[in-house]
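S.K.: The structure file coords-v3.cif (mmCIF, C-alpha atoms and all ligand atoms) is provided below.
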```cif
data_run
loop_
_atom_site.label_atom_id
_atom_site.label_comp_id
_atom_site.auth_asym_id
_atom_site.auth_seq_id
_atom_site.Cartn_x
_atom_site.Cartn_y
_atom_site.Cartn_z
CA MET A 1 146.37 89.21 107.45
CA VAL A 2 145.29 92.56 108.94
CA ASN A 3 143.25 93.32 105.80
CA ALA A 4 141.57 89.94 105.95
CA PHE A 5 140.70 90.54 109.59
CA ILE A 6 139.28 94.01 108.83
CA ARG A 7 137.22 92.54 105.97
CA TYR A 8 135.94 89.80 108.26
CA ILE A 9 134.87 92.39 110.86
CA LYS A 10 133.16 94.51 108.18
CA ILE A 11 131.24 91.58 106.75
CA THR A 12 130.27 90.44 110.23
CA VAL A 13 129.11 93.91 111.26
CA VAL A 14 127.11 94.64 108.10
CA GLY A 15 126.58 91.20 106.55
CA TYR A 16 124.74 89.77 109.49
CA PRO A 17 122.30 92.66 109.85
CA VAL A 18 121.45 92.30 106.12
CA TRP A 19 120.68 88.62 106.62
CA VAL A 20 118.97 89.04 109.96
CA TYR A 21 116.87 91.94 108.67
CA ASN A 22 115.85 90.11 105.50
CA TYR A 23 115.04 86.88 107.23
CA THR A 24 113.18 88.32 110.17
CA MET A 25 111.32 91.13 108.41
CA LEU A 26 110.05 89.11 105.45
CA PRO A 27 108.90 86.07 107.46
CA LEU A 28 107.20 88.52 109.83
CA VAL A 29 105.35 90.11 106.90
CA GLY A 30 104.52 86.64 105.61
CA MET A 31 103.33 85.44 109.01
CA LEU A 32 101.15 88.51 109.38
CA GLY A 33 99.72 87.66 106.00
CA SER A 34 98.75 84.13 106.86
CA ALA A 35 95.02 83.58 106.85
CA GLU A 36 94.89 82.14 110.36
CA ILE A 37 96.65 85.08 111.98
CA GLN A 38 94.81 87.67 109.90
CA ASN A 39 91.52 86.75 111.51
CA ASN A 40 92.64 89.13 114.24
CA LYS A 41 91.66 92.68 113.22
CA GLY A 42 94.66 94.32 114.92
CA VAL A 43 97.11 92.08 113.05
CA ASP A 44 95.13 92.59 109.85
CA ASP A 45 95.47 96.38 110.19
CA LEU A 46 99.19 96.08 110.99
CA PHE A 47 99.72 93.94 107.88
CA ASN A 48 97.94 96.51 105.70
CA LYS A 49 100.00 99.27 107.30
CA ILE A 50 103.21 97.41 106.37
CA ILE A 51 101.98 97.03 102.78
CA ARG A 52 101.25 100.79 102.60
CA ASN A 53 104.75 101.49 103.91
CA ARG A 54 106.41 99.00 101.59
CA ARG A 55 108.68 101.67 100.13
CA ILE A 56 110.19 102.38 103.55
CA VAL A 57 110.88 98.65 104.04
CA GLN A 58 112.38 98.51 100.55
CA ALA A 59 114.50 101.63 101.15
CA ILE A 60 115.98 100.16 104.36
CA ILE A 61 116.69 96.68 102.94
CA GLY A 62 117.87 98.17 99.63
CA ALA A 63 120.27 100.55 101.41
CA LEU A 64 121.67 97.68 103.50
CA ILE A 65 122.22 95.55 100.41
CA LEU A 66 123.80 98.45 98.50
CA VAL A 67 126.16 99.32 101.37
CA GLY A 68 126.97 95.64 101.84
CA TYR A 69 127.77 95.25 98.15
CA LEU A 70 129.62 98.50 97.50
CA TYR A 71 131.50 99.02 100.72
CA PHE A 72 131.70 95.66 102.43
CA GLN A 73 132.25 93.54 99.29
CA ILE A 74 129.39 91.17 99.94
CA SER A 75 129.47 88.92 96.89
CA ILE A 76 126.87 89.32 94.15
CA TRP A 77 126.29 85.56 94.58
CA VAL A 78 125.14 86.16 98.15
CA ILE A 79 122.64 88.74 96.86
CA LEU A 80 121.47 86.33 94.15
CA PHE A 81 121.08 83.69 96.83
CA ILE A 82 118.97 86.07 98.95
CA GLY A 83 116.76 86.66 95.90
CA LEU A 84 116.47 82.94 95.19
CA VAL A 85 115.58 81.91 98.75
CA SER A 86 113.10 84.81 99.01
CA GLY A 87 111.59 83.67 95.71
CA VAL A 88 111.12 80.10 96.89
CA ILE A 89 109.37 81.25 100.06
CA PHE A 90 107.56 84.44 99.04
CA GLY A 91 107.59 84.65 95.24
CA LYS A 92 108.92 87.70 93.44
CA VAL A 93 109.30 89.94 96.50
CA PHE A 94 112.87 91.06 95.84
CA CYS A 95 112.02 93.73 93.23
CA ARG A 96 109.45 95.65 95.31
CA TRP A 97 110.55 94.93 98.87
CA MET A 98 114.35 94.69 98.76
CA CYS A 99 115.97 95.92 95.56
CA PRO A 100 117.67 99.37 95.63
CA LEU A 101 117.40 99.64 91.84
CA GLY A 102 113.73 98.70 91.92
CA PHE A 103 113.21 101.47 94.48
CA ILE A 104 114.76 104.09 92.19
CA MET A 105 112.91 102.74 89.14
CA GLU A 106 109.58 102.99 90.93
CA LEU A 107 110.29 106.58 91.97
CA SER A 108 111.07 107.52 88.38
CA MET A 109 107.88 106.03 86.93
CA GLY A 110 105.08 108.26 85.65
CA LYS A 111 102.35 109.46 87.96
CA ASN A 112 99.55 108.80 85.48
CA PRO A 113 98.06 105.41 86.53
CA ASN A 114 97.80 104.11 82.93
CA THR A 115 101.39 105.03 82.11
CA LYS A 116 102.57 103.64 85.42
CA ASN A 117 100.76 100.33 84.84
CA VAL A 118 102.52 99.87 81.50
CA GLN A 119 105.90 100.86 82.96
CA MET A 120 105.40 98.60 85.96
CA TYR A 121 104.39 95.67 83.78
CA ASN A 122 107.29 96.09 81.36
CA TYR A 123 109.85 96.66 84.10
CA HIS A 124 108.80 93.53 85.97
CA LYS A 125 108.71 91.54 82.76
CA LEU A 126 112.38 92.30 82.19
CA GLY A 127 114.36 93.01 85.37
CA CYS A 128 117.53 91.15 86.27
CA PRO A 129 118.46 87.49 86.92
CA ILE A 130 116.86 87.67 90.39
CA ALA A 131 113.62 88.89 88.80
CA TRP A 132 113.73 86.15 86.15
CA VAL A 133 114.12 83.37 88.68
CA SER A 134 111.76 84.73 91.32
CA GLY A 135 109.16 85.59 88.65
CA PHE A 136 109.24 81.96 87.58
CA LEU A 137 108.89 80.95 91.25
CA ASN A 138 105.66 82.97 91.67
CA ARG A 139 103.83 79.87 90.54
CA PHE A 140 105.54 77.57 93.05
CA SER A 141 106.32 79.78 96.05
CA LEU A 142 105.21 78.77 99.53
CA PHE A 143 103.33 82.02 100.13
CA LYS A 144 100.51 82.88 97.76
CA ILE A 145 97.71 85.42 97.47
CA LYS A 146 94.46 83.61 98.21
CA ARG A 147 90.88 84.76 97.86
CA ASP A 148 88.03 83.81 100.15
CA SER A 149 85.12 83.33 97.74
CA ASN A 150 82.65 83.33 100.67
CA THR A 151 83.36 86.94 101.57
CA CYS A 152 84.36 88.33 98.15
CA THR A 153 81.69 90.67 96.78
CA ASP A 154 83.03 90.63 93.18
CA CYS A 155 83.53 94.41 93.37
CA GLY A 156 86.61 94.25 91.09
CA ILE A 157 88.66 96.75 93.12
CA CYS A 158 91.57 94.29 93.29
CA ASP A 159 91.75 94.01 89.50
CA SER A 160 91.60 97.75 88.96
CA ASN A 161 94.58 98.21 91.31
CA CYS A 162 96.68 95.45 89.73
CA TYR A 163 98.84 96.47 86.78
CA ILE A 164 98.64 92.97 85.28
CA ALA A 165 94.85 92.61 85.46
CA SER A 166 94.38 96.24 84.36
CA LEU A 167 96.38 95.72 81.20
CA ASN A 168 95.36 92.22 80.26
CA LYS A 169 91.69 91.24 80.47
CA ASP A 170 92.60 87.54 80.40
CA TYR A 171 93.78 88.00 84.00
CA SER A 172 91.68 88.53 87.10
CA ILE A 173 92.24 88.11 90.81
CA TYR A 174 88.58 87.42 91.56
CA LYS A 175 87.12 85.88 88.38
CA ASP A 176 87.73 82.15 88.67
CA LYS A 177 87.64 81.46 84.94
CA LYS A 178 90.49 83.88 84.22
CA ASP A 179 94.20 83.49 84.87
CA ASN A 180 95.42 84.60 88.27
CA PRO A 181 97.83 87.56 87.98
CA SER A 182 99.44 86.80 91.34
CA ILE A 183 101.16 83.73 89.88
CA HIS A 184 102.07 85.58 86.68
CA TYR A 185 105.77 86.10 86.05
CA SER A 186 105.34 89.90 86.36
CA CYS A 187 103.58 89.95 89.75
CA SER A 188 106.01 91.77 92.00
CA LYS A 189 104.09 91.03 95.21
CA CYS A 190 103.28 94.68 95.80
CA LEU A 191 100.24 93.30 97.71
CA ILE A 192 98.21 96.37 96.77
CA CYS A 193 95.36 94.02 95.84
CA VAL A 194 95.40 92.61 99.40
CA ASP A 195 95.45 96.06 100.96
CA LYS A 196 92.68 97.49 98.75
CA CYS A 197 90.18 94.67 99.12
CA PRO A 198 87.31 96.24 101.11
CA SER A 199 86.01 92.92 102.48
CA LYS A 200 89.47 91.61 103.45
CA SER A 201 88.91 88.60 101.20
CA LEU A 202 92.49 88.48 99.93
CA LYS A 203 95.21 87.04 102.13
CA TYR A 204 98.89 86.51 101.48
CA GLY A 205 100.05 83.39 103.25
CA ILE A 206 100.80 79.68 103.13
S1 LIG W 1 88.57 93.56 95.96
FE1 LIG W 1 88.12 91.86 97.37
S2 LIG W 1 85.87 91.80 97.42
FE2 LIG W 1 86.43 93.00 95.61
S3 LIG W 1 86.52 91.47 93.94
FE3 LIG W 1 88.59 91.66 94.76
S4 LIG W 1 88.72 90.01 96.27
FE4 LIG W 1 86.55 90.31 95.87
S1 LIG W 2 100.53 91.63 94.28
FE1 LIG W 2 98.41 91.78 93.57
S2 LIG W 2 98.22 93.87 92.75
FE2 LIG W 2 100.43 93.44 92.94
S3 LIG W 2 100.96 92.67 90.90
FE3 LIG W 2 100.53 90.88 92.16
S4 LIG W 2 98.35 90.38 91.81
FE4 LIG W 2 98.74 92.47 91.05
#
```
Can I see the file as structure tokens?
Ligand code: SF4
Ligand code: SF4
M.R.:
Amino acid sequence: MVNAFIRYIKITVVGYPVWVYNYTMLPLVGMLGSAEIQNNKGVDDLFNKIIRNRRIVQAIIGALILVGYLYFQISIWVILFIGLVSGVIFGKVFCRWMCPLGFIMELSMGKNPNTKNVQMYNYHKLGCPIAWVSGFLNRFSLFKIKRDSNTCTDCGICDSNCYIASLNKDYSIYKDKKDNPSIHYSCSKCLICVDKCPSKSLKYGI
């Protein structure tokens, strides 16, 4: 009885912050990414700042999930559920924005851009059950990366920063006749393409 009560308190104290953090932070990022809101330059800059600091967001969420799992016995099914719901809304965000293992894997990848592209592609092709499901959901998720063809200058910077488009010439973010890497199974929603676009033609939103 006492143990059950202590466990309940632990899950309440840590479990809720994990949920609240995940489901306030990610919708916030998503909202900031929506095309309508991004017409405001200040919000646009804030969104890009969040993308550049993605690893900090991932480290915080990843640490909360790890502590919740290891110390507070939050069920692996709850974590899978977090990954599934995130996938339905945002696509494959879990690996690069929330996963503690993904955080460590990214740190251990090579510094050479070509090597890193291959490692990134292969890692996100494999992953775990959350990655499999959310990778599949990239195609159907509510939030997507969209390009404004009126402002796009066809500079190709997005493609050269995307590990999928860099490795496979059948994929392109800006060439309409090619396949879009952002709905590819391996797109981990790093949003580097959105951040790097000099004309702000790429938006991540509904
Ligand atoms: S980086 Fe932006 S402007 Fe350049 S091709 Fe891509 S979407 Fe178009
Ligand atoms: S978010 Fe953009 S840069 Fe990152 S993998 Fe997906 S399409 Fe490529």
S.K.: Got a sec to check which residues lie within 7 Å of ligand LIG 2 (chain W), using only C-alpha atoms and all ligand atoms, and send them as a VMD selection string?
M.R.: chain A and resid 158 161 to 165 173 181 to 182 186 to 194
S.K.: Let me make sure I understand: among A:His124, A:Lys169, A:Lys116, A:Lys196, which one has the smallest atom-to-atom distance to ligand LIG 1 (chain W) if we use all atoms listed in the file?
M.R.: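 For ligand LIG 1 (chain W), the nearest of the given residues is A:Lys196.
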S.K.: Report as a count of residues only all protein, DNA and RNA residues lying within 9 Å of segment 57-60 of chain A, evaluated on all atoms listed in the file, omitting residues in the same chain fewer than 2 positions from it.
M.R.: 18
S.K.: Do you know which residues are within 10 Å of ligand LIG 1 (chain W) using only C-alpha atoms and all ligand atoms? Can you write them as a count of residues only?
M.R.: 31
S.K.: Could you jot down the atom CA of Ser108 of chain A to atom CA of Ile82 of chain A separation for me, Å, one decimal place?
M.R.: 25.2 Å
S.K.: Using all atoms listed in the file, which of A:Val43, A:Leu80, A:Val88, A:Gly127 sits nearest Met105 of chain A?
M.R.: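 So, comparing all the options, the nearest one is A:Gly127.
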S.K.: Provide the atom CA of Asn112 of chain A to atom CA of Asn168 of chain A distance in Å, to one decimal place.
M.R.: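 Atom CA of Asn168 of chain A lies 17.9 Å from atom CA of Asn112 of chain A.
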S.K.: Can you tell me how far atom CA of Tyr123 of chain A sits from atom CA of Val85 of chain A, in Å to one decimal?
M.R.: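 That distance, rounded to one decimal, is 21.6 Å.
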S.K.: So which one's closest to Tyr121 of chain A, A:Ile76, A:Ile145, A:Leu167, A:Val93? Using only C-alpha atoms, please.
M.R.: A:Leu167
S.K.: Identify the residues around (96.8, 81.1, 87.3) within a radius of 7 Å, measuring from only C-alpha atoms in the coordinates stated by the file, and give them as a PyMOL selection string.
M.R.: chain A and resi 179-181+183-184
S.K.: Limited to C-alpha atoms, could you put the picked residues into a file as a CSV table (one decimal), in the frame of the given file?
M.R.:
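Wrote part_1.csv, looks like this:
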```
chain,number,residue,atom,x,y,z
A,179,ASP,CA,94.2,83.5,84.9
A,180,ASN,CA,95.4,84.6,88.3
A,181,PRO,CA,97.8,87.6,88.0
A,183,ILE,CA,101.2,83.7,89.9
A,184,HIS,CA,102.1,85.6,86.7
```
